[in-house]
Amino acid sequence: MSAQILTLDGERQTLSDETVEEIRAIFRGQVLTSDDLGYDDIRVVQNAMLDRRPGLIIRCTGTADVVDAVSLAYKRDLLVAVRGGGHSIAGTCTADDSLMIDLSMMRGVWVDPDQRRVRVAGGATWGDVDRETQLYGLAVPGGVVSTTGVAGLTLGGGIGWLHRKYGLACDALRAAEVVTASGKIIRCDGTEHEDLFWALRGGSGNFGVVVSFEFEAYPLGPMVWNSMIVHPVDAVTEVLSRWQDWTSTVPDEVTSRALLWSLPDAPTLPPAVHNRDVLITAALYAGTPDEGQRACRALSGFGAPLADMSQARSYRTAQSSLDPFFPKGGLQSYWKSVYLDRLDEDATTFVARISHDRPHPTTMVHLPLLGGAMSRVGTTETAFGDRSARYLLSIDGNWLDPAEDDANIRWVRNAYGEAVRLRAASGTYLNFGGDADLDDADRARAWGRNVERLRRVKRTYDPENRFRLNPNIPPAES
Ligand SMILES: Cc1cc2nc3c(=O)[nH]c(=O)nc-3n(C[C@H](O)[C@H](O)[C@H](O)COP(=O)(O)OP(=O)(O)OC[C@H]3O[C@@H](n4cnc5c(N)ncnc54)[C@H](O)[C@@H]3O)c2cc1C
């Protein structure tokens, strides 16, 4: 029942049986060592490649547990991993022999429908938020898979189905409560600890453990128009070119994406698309289903689709329709992404080629349309950085067999290496990034000229870089 945990210096510290018992007595939530029942289930994260064994897992049930967990790490100089929804592709929420501060028991969501404000606990998922907000016909812009954590997605930006109408998830953030490296609780918003509030909107988990987020919510649903058209992959050049033209005409209410992928033989899918390489063009309209159907009608007219599954759906159904394809711990994953200023011939040819070359059917080439409300927020207004790109190109390597890790990672890296050299390529979106260790060039690609300010904020709130398992920003030197 003893535990071995790494210190920040890389030394191994042993917590004796007695010490672990003393620690247990402090917490309301469970404290698990590798000897405890349930440890092997609880340590599982989304990406199956990250089969890691934290030295101690503290399953926090509230702010007091988080403060005590952070304080324990501070006093003993322990390496900390913070887990929200556990969806990090790079695996920054878990590490061998770390102290894992697990927030997955903290999933409360409180809606104030009159003020259109939503308070969300630090371990909630987007499914939790959608369930509570839709009760009042409200939504917070989040992601496209309901099991993704609010915390990591928001702290890294947050692209989904509403970013063109209402901005990124981080743009809807109005305040946050943070436990800093020394165990202090700080509330930040547009006037209090403004620098911290700025940094949380895109600067990832560098500045402390966010125990609660306060978002603005917007009227939406319960029914929305959701286009979903499946084309044969051979039509990619023609359909992408028409999609590109169409996306330059659509209003902000339309958020659209193209997905190059293979669909399984799921009973919910028409047989015509089973086990085929396909191009899916999809859209969600942030307004009434009738308006949406009109605004998205042209999308159904490109090429000769294999299936058109466009229909009015409940917003919650649309938000969870991709969930079955991403089971927890079910896929090995390594993703990389670049922004594209335009989808020119060069980029379309590249996308068509890598879509044909995908090493595994579950690997996806994902092209969300950006712009709209998210692009009207200035580069330095939030830590997120430049928002001028028109598209994101995310090369989402997914596969099943751990023996194929090296080959799949190599394929994604090669494709990414080519993508950054495209004429239209600009920076990178780290939420769709597979590497935990960033260098200065990676940081510059992600945050641009915001890096220096981020480093100064890091120095203020975490000068010793205790929160280092994240897309890390080293503190500025004083
Ligand atoms: C299947 C899938 C679908 C996705 N879809 C989208 C999408 O539609 N849009 C999009 O933008 N991104 C998407 N992502 C990427 C996603 O935004 C990132 O992986 C994000 O980091 C996940 O957040 P999380 O809380 O689930 O992850 P975690 O792995 O728990 O955390 C990610 C990072 O945030 C830190 N962190 C977590 N909780 C806290 C907290 N409370 N306080 C401080 N730091 C914290 C962690 O330490 C870690 O560094 C998707 C990822 C997957 C695997």
# chains A, B, ... in the order shown; residues from 1 in each chain; ligands from 1
$ residues_around --residues "Glu18 of chain A" --least-positions-apart "6" --cutoff "12 Å" --atoms "only C-alpha atoms" --output "PDB file with N, CA and C atoms, in the first residue's frame"
ATOM      1  N   MET A   1       0.815  -1.214   0.000  1.00  0.00           N
ATOM      2  CA  MET A   1       0.000   0.000   0.000  1.00  0.00           C
ATOM      3  C   MET A   1       0.854   1.272   0.000  1.00  0.00           C
ATOM      4  N   SER A   2       2.177   1.089   0.120  1.00  0.00           N
ATOM      5  CA  SER A   2       3.035   2.268   0.028  1.00  0.00           C
ATOM      6  C   SER A   2       3.010   2.792  -1.415  1.00  0.00           C
ATOM      7  N   ALA A   3       3.560   3.985  -1.615  1.00  0.00           N
ATOM      8  CA  ALA A   3       3.526   4.552  -2.970  1.00  0.00           C
ATOM      9  C   ALA A   3       4.876   5.156  -3.314  1.00  0.00           C
ATOM     10  N   ARG A  24      -4.700   9.566   3.336  1.00  0.00           N
ATOM     11  CA  ARG A  24      -6.112   9.165   3.122  1.00  0.00           C
ATOM     12  C   ARG A  24      -7.043   9.874   4.090  1.00  0.00           C
ATOM     13  N   ALA A  25      -6.581  10.028   5.311  1.00  0.00           N
ATOM     14  CA  ALA A  25      -7.456  10.609   6.351  1.00  0.00           C
ATOM     15  C   ALA A  25      -7.792  12.077   6.042  1.00  0.00           C
TER      16      ALA A  25
END
$ residues_near_ligand --ligand "ligand 1" --cutoff "7 Å" --atoms "only C-alpha atoms and all ligand atoms" --output "JSON list (two decimals) with N, CA and C atoms, in the first residue's frame"
[["chain", "number", "residue", "atom", "x", "y", "z"],
["A", 46, "GLN", "N", -8.34, 8.33, -22.19],
["A", 46, "GLN", "CA", -8.94, 8.14, -23.52],
["A", 46, "GLN", "C", -7.98, 7.44, -24.49],
["A", 47, "ASN", "N", -6.76, 7.94, -24.57],
["A", 47, "ASN", "CA", -5.80, 7.44, -25.56],
["A", 47, "ASN", "C", -5.15, 6.15, -25.05],
["A", 81, "ALA", "N", 0.28, 15.40, -12.05],
["A", 81, "ALA", "CA", -0.51, 15.33, -13.30],
["A", 81, "ALA", "C", -1.95, 15.68, -12.93],
["A", 82, "VAL", "N", -2.56, 16.58, -13.70],
["A", 82, "VAL", "CA", -3.94, 16.98, -13.41],
["A", 82, "VAL", "C", -4.84, 16.38, -14.49],
["A", 83, "ARG", "N", -5.86, 15.64, -14.06],
["A", 83, "ARG", "CA", -6.75, 15.03, -15.06],
["A", 83, "ARG", "C", -8.16, 15.60, -14.94],
["A", 84, "GLY", "N", -8.66, 16.09, -16.10],
["A", 84, "GLY", "CA", -10.06, 16.52, -16.17],
["A", 84, "GLY", "C", -10.85, 15.42, -16.86],
["A", 85, "GLY", "N", -11.11, 15.61, -18.17],
["A", 85, "GLY", "CA", -11.84, 14.58, -18.92],
["A", 85, "GLY", "C", -10.95, 13.46, -19.43],
["A", 86, "GLY", "N", -9.63, 13.62, -19.31],
["A", 86, "GLY", "CA", -8.70, 12.55, -19.71],
["A", 86, "GLY", "C", -8.56, 12.37, -21.22],
["A", 87, "HIS", "N", -8.92, 13.39, -22.02],
["A", 87, "HIS", "CA", -8.88, 13.24, -23.48],
["A", 87, "HIS", "C", -7.60, 13.75, -24.12],
["A", 88, "SER", "N", -6.67, 14.24, -23.34],
["A", 88, "SER", "CA", -5.44, 14.77, -23.94],
["A", 88, "SER", "C", -4.81, 13.73, -24.86],
["A", 89, "ILE", "N", -4.55, 14.14, -26.09],
["A", 89, "ILE", "CA", -3.93, 13.22, -27.05],
["A", 89, "ILE", "C", -2.47, 13.00, -26.68],
["A", 91, "GLY", "N", -1.30, 13.07, -23.77],
["A", 91, "GLY", "CA", -1.20, 12.33, -22.51],
["A", 91, "GLY", "C", -0.68, 13.15, -21.35],
["A", 92, "THR", "N", -0.91, 14.46, -21.38],
["A", 92, "THR", "CA", -0.36, 15.29, -20.33],
["A", 92, "THR", "C", -1.15, 15.19, -19.02],
["A", 93, "CYS", "N", -2.21, 14.41, -19.00],
["A", 93, "CYS", "CA", -3.00, 14.27, -17.76],
["A", 93, "CYS", "C", -2.56, 13.09, -16.94],
["A", 103, "LEU", "N", -9.83, 14.97, -11.31],
["A", 103, "LEU", "CA", -11.05, 15.77, -11.07],
["A", 103, "LEU", "C", -12.30, 15.10, -11.61],
["A", 122, "GLY", "N", -14.54, 21.48, -12.36],
["A", 122, "GLY", "CA", -13.32, 21.28, -13.15],
["A", 122, "GLY", "C", -13.15, 19.92, -13.82],
["A", 123, "GLY", "N", -13.99, 18.93, -13.46],
["A", 123, "GLY", "CA", -13.83, 17.61, -14.09],
["A", 123, "GLY", "C", -15.01, 17.23, -14.96],
["A", 142, "GLY", "N", -18.75, 24.14, -27.13],
["A", 142, "GLY", "CA", -17.82, 23.13, -26.61],
["A", 142, "GLY", "C", -17.18, 22.36, -27.75],
["A", 143, "GLY", "N", -17.02, 21.04, -27.58],
["A", 143, "GLY", "CA", -16.41, 20.21, -28.62],
["A", 143, "GLY", "C", -17.45, 19.38, -29.33],
["A", 144, "VAL", "N", -17.01, 18.37, -30.10],
["A", 144, "VAL", "CA", -17.94, 17.57, -30.89],
["A", 144, "VAL", "C", -18.07, 16.13, -30.38],
["A", 145, "VAL", "N", -17.38, 15.81, -29.29],
["A", 145, "VAL", "CA", -17.54, 14.50, -28.66],
["A", 145, "VAL", "C", -17.92, 14.77, -27.20],
["A", 148, "THR", "N", -15.52, 14.47, -23.98],
["A", 148, "THR", "CA", -14.32, 15.30, -23.81],
["A", 148, "THR", "C", -14.50, 16.23, -22.61],
["A", 149, "GLY", "N", -13.42, 16.45, -21.88],
["A", 149, "GLY", "CA", -13.48, 17.29, -20.68],
["A", 149, "GLY", "C", -13.63, 18.77, -21.02],
["A", 150, "VAL", "N", -14.42, 19.46, -20.21],
["A", 150, "VAL", "CA", -14.57, 20.91, -20.37],
["A", 150, "VAL", "C", -13.22, 21.59, -20.10],
["A", 151, "ALA", "N", -12.50, 21.08, -19.11],
["A", 151, "ALA", "CA", -11.29, 21.78, -18.66],
["A", 151, "ALA", "C", -10.23, 21.87, -19.74],
["A", 152, "GLY", "N", -9.74, 20.72, -20.19],
["A", 152, "GLY", "CA", -8.64, 20.74, -21.17],
["A", 152, "GLY", "C", -9.06, 21.44, -22.46],
["A", 153, "LEU", "N", -10.29, 21.17, -22.90],
["A", 153, "LEU", "CA", -10.75, 21.76, -24.17],
["A", 153, "LEU", "C", -10.82, 23.28, -24.06],
["A", 155, "LEU", "N", -9.33, 25.31, -21.78],
["A", 155, "LEU", "CA", -8.03, 25.93, -21.49],
["A", 155, "LEU", "C", -7.16, 25.98, -22.75],
["A", 156, "GLY", "N", -7.41, 25.06, -23.68],
["A", 156, "GLY", "CA", -6.64, 25.07, -24.93],
["A", 156, "GLY", "C", -7.33, 25.82, -26.06],
["A", 157, "GLY", "N", -8.54, 26.33, -25.85],
["A", 157, "GLY", "CA", -9.28, 27.06, -26.89],
["A", 157, "GLY", "C", -10.69, 26.55, -27.04],
["A", 158, "GLY", "N", -10.85, 25.44, -27.80],
["A", 158, "GLY", "CA", -12.16, 24.82, -27.90],
["A", 158, "GLY", "C", -12.90, 25.10, -29.18],
["A", 159, "ILE", "N", -12.70, 24.19, -30.16],
["A", 159, "ILE", "CA", -13.37, 24.28, -31.46],
["A", 159, "ILE", "C", -14.47, 23.23, -31.49],
["A", 160, "GLY", "N", -15.66, 23.60, -31.96],
["A", 160, "GLY", "CA", -16.75, 22.61, -31.97],
["A", 160, "GLY", "C", -17.74, 22.87, -33.08],
["A", 204, "SER", "N", -3.67, 26.75, -21.78],
["A", 204, "SER", "CA", -3.69, 25.37, -21.25],
["A", 204, "SER", "C", -3.53, 25.32, -19.72],
["A", 205, "GLY", "N", -3.21, 24.14, -19.22],
["A", 205, "GLY", "CA", -3.26, 23.92, -17.76],
["A", 205, "GLY", "C", -2.03, 24.38, -17.00],
["A", 206, "ASN", "N", -1.38, 25.42, -17.49],
["A", 206, "ASN", "CA", -0.09, 25.85, -16.93],
["A", 206, "ASN", "C", -0.16, 26.58, -15.60],
["A", 208, "GLY", "N", -2.47, 26.49, -12.85],
["A", 208, "GLY", "CA", -3.09, 25.99, -11.64],
["A", 208, "GLY", "C", -4.21, 25.03, -12.00],
["A", 209, "VAL", "N", -4.86, 24.51, -10.97],
["A", 209, "VAL", "CA", -5.97, 23.60, -11.21],
["A", 209, "VAL", "C", -7.26, 24.42, -11.20],
["A", 210, "VAL", "N", -7.97, 24.40, -12.30],
["A", 210, "VAL", "CA", -9.24, 25.15, -12.35],
["A", 210, "VAL", "C", -10.31, 24.28, -11.70],
["A", 211, "VAL", "N", -10.85, 24.75, -10.60],
["A", 211, "VAL", "CA", -11.88, 23.96, -9.92],
["A", 211, "VAL", "C", -13.27, 24.30, -10.41],
["A", 326, "PHE", "N", -15.32, 6.81, -30.51],
["A", 326, "PHE", "CA", -14.17, 7.15, -29.67],
["A", 326, "PHE", "C", -14.35, 6.57, -28.25],
["A", 431, "ASN", "N", -4.55, 21.52, -28.89],
["A", 431, "ASN", "CA", -5.53, 20.54, -28.41],
["A", 431, "ASN", "C", -5.61, 19.33, -29.35],
["A", 432, "PHE", "N", -5.23, 19.54, -30.60],
["A", 432, "PHE", "CA", -5.14, 18.41, -31.53],
["A", 432, "PHE", "C", -3.67, 18.09, -31.77],
["A", 469, "LEU", "N", 3.19, 19.19, -16.55],
["A", 469, "LEU", "CA", 2.65, 18.18, -17.46],
["A", 469, "LEU", "C", 1.44, 18.79, -18.16],
["A", 470, "ASN", "N", 1.71, 19.48, -19.24],
["A", 470, "ASN", "CA", 0.72, 20.20, -20.05],
["A", 470, "ASN", "C", 1.50, 20.73, -21.25],
["A", 471, "PRO", "N", 0.84, 21.34, -22.22],
["A", 471, "PRO", "CA", 1.62, 22.02, -23.26],
["A", 471, "PRO", "C", 2.38, 23.14, -22.57]]
$ closest_residue --among "A:Val239, A:Ala283, A:Ala272, A:Val118" --to "Ala304 of chain A" --atoms "only C-alpha atoms"
A:Val239
$ closest_residue --among "A:Arg276, A:Arg43, A:Arg174, A:Arg342" --to "Asp245 of chain A" --atoms "only C-alpha atoms"
A:Arg342
$ select_by_dssp --residues "segment 284-381 of chain A" --states "helix (DSSP H, G or I)" --output "JSON, numbers by chain"
{"A": [289, 290, 291, 292, 293, 294, 295, 296, 297, 298, 299, 300, 301, 315, 316, 317, 318, 319, 320, 323, 324, 325, 345, 346, 347, 348, 349, 350, 351, 352, 353, 354, 355, 356, 357, 372, 373, 374, 375, 376]}
$ residues_around --residues "Ala90 of chain A" --least-positions-apart "5" --cutoff "7 Å" --atoms "only C-alpha atoms" --output "list in words"
Gly433, Gly434, Asp435 and Ala436 of chain A
$ write_last_selection --atoms "C-alpha atoms" --output "compact mmCIF listing (two decimals), in the first residue's frame"
# COMPACT_ATOMS: atom_id res chain seq x y z
CA GLY A 433 -1.47 17.77 -30.83
CA GLY A 434 0.21 14.52 -29.93
CA ASP A 435 3.51 15.68 -28.44
CA ALA A 436 3.92 16.54 -24.79
$ residues_around --residues "Thr379 of chain A" --least-positions-apart "6" --cutoff "9 Å" --atoms "only C-alpha atoms" --output "PDB file with C-alpha atoms, in the first residue's frame"
ATOM      1  CA  GLY A 385      -3.318  33.754 -30.292  1.00  0.00           C
ATOM      2  CA  ASP A 386      -3.945  34.266 -33.979  1.00  0.00           C
ATOM      3  CA  ARG A 387      -7.435  33.353 -35.177  1.00  0.00           C
ATOM      4  CA  SER A 388      -7.239  34.461 -38.787  1.00  0.00           C
ATOM      5  CA  GLY A 448       2.732  33.382 -31.620  1.00  0.00           C
ATOM      6  CA  ARG A 449       3.602  36.664 -29.985  1.00  0.00           C
ATOM      7  CA  ASN A 450       1.561  35.789 -26.883  1.00  0.00           C
TER       8      ASN A 450
END
$ decode --residues "segment 198-209 of chain A" --atoms "all heavy atoms" --output "short mmCIF file (atom, residue, chain, number, x, y, z; two decimals), in the first residue's frame"
data_model
loop_
_atom_site.label_atom_id
_atom_site.label_comp_id
_atom_site.auth_asym_id
_atom_site.auth_seq_id
_atom_site.Cartn_x
_atom_site.Cartn_y
_atom_site.Cartn_z
N TRP A 198 -6.74 36.05 -18.66
CA TRP A 198 -6.27 36.11 -20.05
C TRP A 198 -5.54 34.81 -20.40
O TRP A 198 -5.79 34.20 -21.44
CB TRP A 198 -5.33 37.32 -20.20
CG TRP A 198 -4.67 37.43 -21.54
CD1 TRP A 198 -5.17 38.03 -22.66
CD2 TRP A 198 -3.37 36.91 -21.91
NE1 TRP A 198 -4.28 37.90 -23.70
CE2 TRP A 198 -3.17 37.23 -23.27
CE3 TRP A 198 -2.39 36.20 -21.22
CZ2 TRP A 198 -2.01 36.87 -23.95
CZ3 TRP A 198 -1.23 35.85 -21.91
CH2 TRP A 198 -1.05 36.19 -23.26
N ALA A 199 -4.65 34.38 -19.51
CA ALA A 199 -3.81 33.21 -19.80
C ALA A 199 -4.62 31.91 -19.85
O ALA A 199 -4.29 30.99 -20.61
CB ALA A 199 -2.71 33.10 -18.75
N LEU A 200 -5.68 31.83 -19.04
CA LEU A 200 -6.48 30.59 -19.04
C LEU A 200 -7.20 30.40 -20.37
O LEU A 200 -7.57 29.28 -20.71
CB LEU A 200 -7.54 30.64 -17.93
CG LEU A 200 -7.06 30.60 -16.48
CD1 LEU A 200 -8.25 30.58 -15.54
CD2 LEU A 200 -6.16 29.40 -16.21
N ARG A 201 -7.42 31.49 -21.11
CA ARG A 201 -8.16 31.37 -22.36
C ARG A 201 -7.21 31.04 -23.52
O ARG A 201 -6.90 31.88 -24.34
CB ARG A 201 -8.97 32.65 -22.61
CG ARG A 201 -10.15 32.74 -21.63
CD ARG A 201 -10.86 34.06 -21.71
NE ARG A 201 -10.03 35.14 -21.23
CZ ARG A 201 -10.21 36.42 -21.55
NH1 ARG A 201 -11.20 36.76 -22.33
NH2 ARG A 201 -9.42 37.33 -21.04
N GLY A 202 -6.68 29.83 -23.47
CA GLY A 202 -5.81 29.34 -24.55
C GLY A 202 -4.44 28.88 -24.08
O GLY A 202 -3.75 28.20 -24.81
N GLY A 203 -4.06 29.23 -22.84
CA GLY A 203 -2.72 28.91 -22.36
C GLY A 203 -2.60 27.54 -21.70
O GLY A 203 -1.57 27.22 -21.10
N SER A 204 -3.67 26.75 -21.78
CA SER A 204 -3.69 25.37 -21.25
C SER A 204 -3.53 25.32 -19.72
O SER A 204 -3.66 26.34 -19.05
CB SER A 204 -2.67 24.50 -21.96
OG SER A 204 -3.03 24.41 -23.32
N GLY A 205 -3.21 24.14 -19.22
CA GLY A 205 -3.26 23.92 -17.76
C GLY A 205 -2.03 24.38 -17.00
O GLY A 205 -1.69 23.81 -15.96
N ASN A 206 -1.38 25.42 -17.49
CA ASN A 206 -0.09 25.85 -16.93
C ASN A 206 -0.16 26.58 -15.60
O ASN A 206 0.84 26.71 -14.91
CB ASN A 206 0.59 26.79 -17.93
CG ASN A 206 1.40 26.04 -18.96
OD1 ASN A 206 2.48 25.57 -18.65
ND2 ASN A 206 0.86 25.89 -20.16
N PHE A 207 -1.32 27.12 -15.25
CA PHE A 207 -1.35 28.16 -14.21
C PHE A 207 -1.98 27.71 -12.90
O PHE A 207 -2.02 28.47 -11.95
CB PHE A 207 -2.07 29.40 -14.77
CG PHE A 207 -1.50 29.78 -16.10
CD1 PHE A 207 -2.08 29.36 -17.28
CD2 PHE A 207 -0.31 30.50 -16.16
CE1 PHE A 207 -1.52 29.66 -18.51
CE2 PHE A 207 0.27 30.79 -17.39
CZ PHE A 207 -0.33 30.37 -18.57
N GLY A 208 -2.47 26.49 -12.85
CA GLY A 208 -3.09 25.99 -11.64
C GLY A 208 -4.21 25.03 -12.00
O GLY A 208 -4.48 24.79 -13.18
N VAL A 209 -4.86 24.51 -10.97
CA VAL A 209 -5.97 23.60 -11.21
C VAL A 209 -7.26 24.42 -11.20
O VAL A 209 -7.58 25.06 -10.19
CB VAL A 209 -6.05 22.51 -10.12
CG1 VAL A 209 -7.17 21.53 -10.44
CG2 VAL A 209 -4.72 21.79 -9.96
#
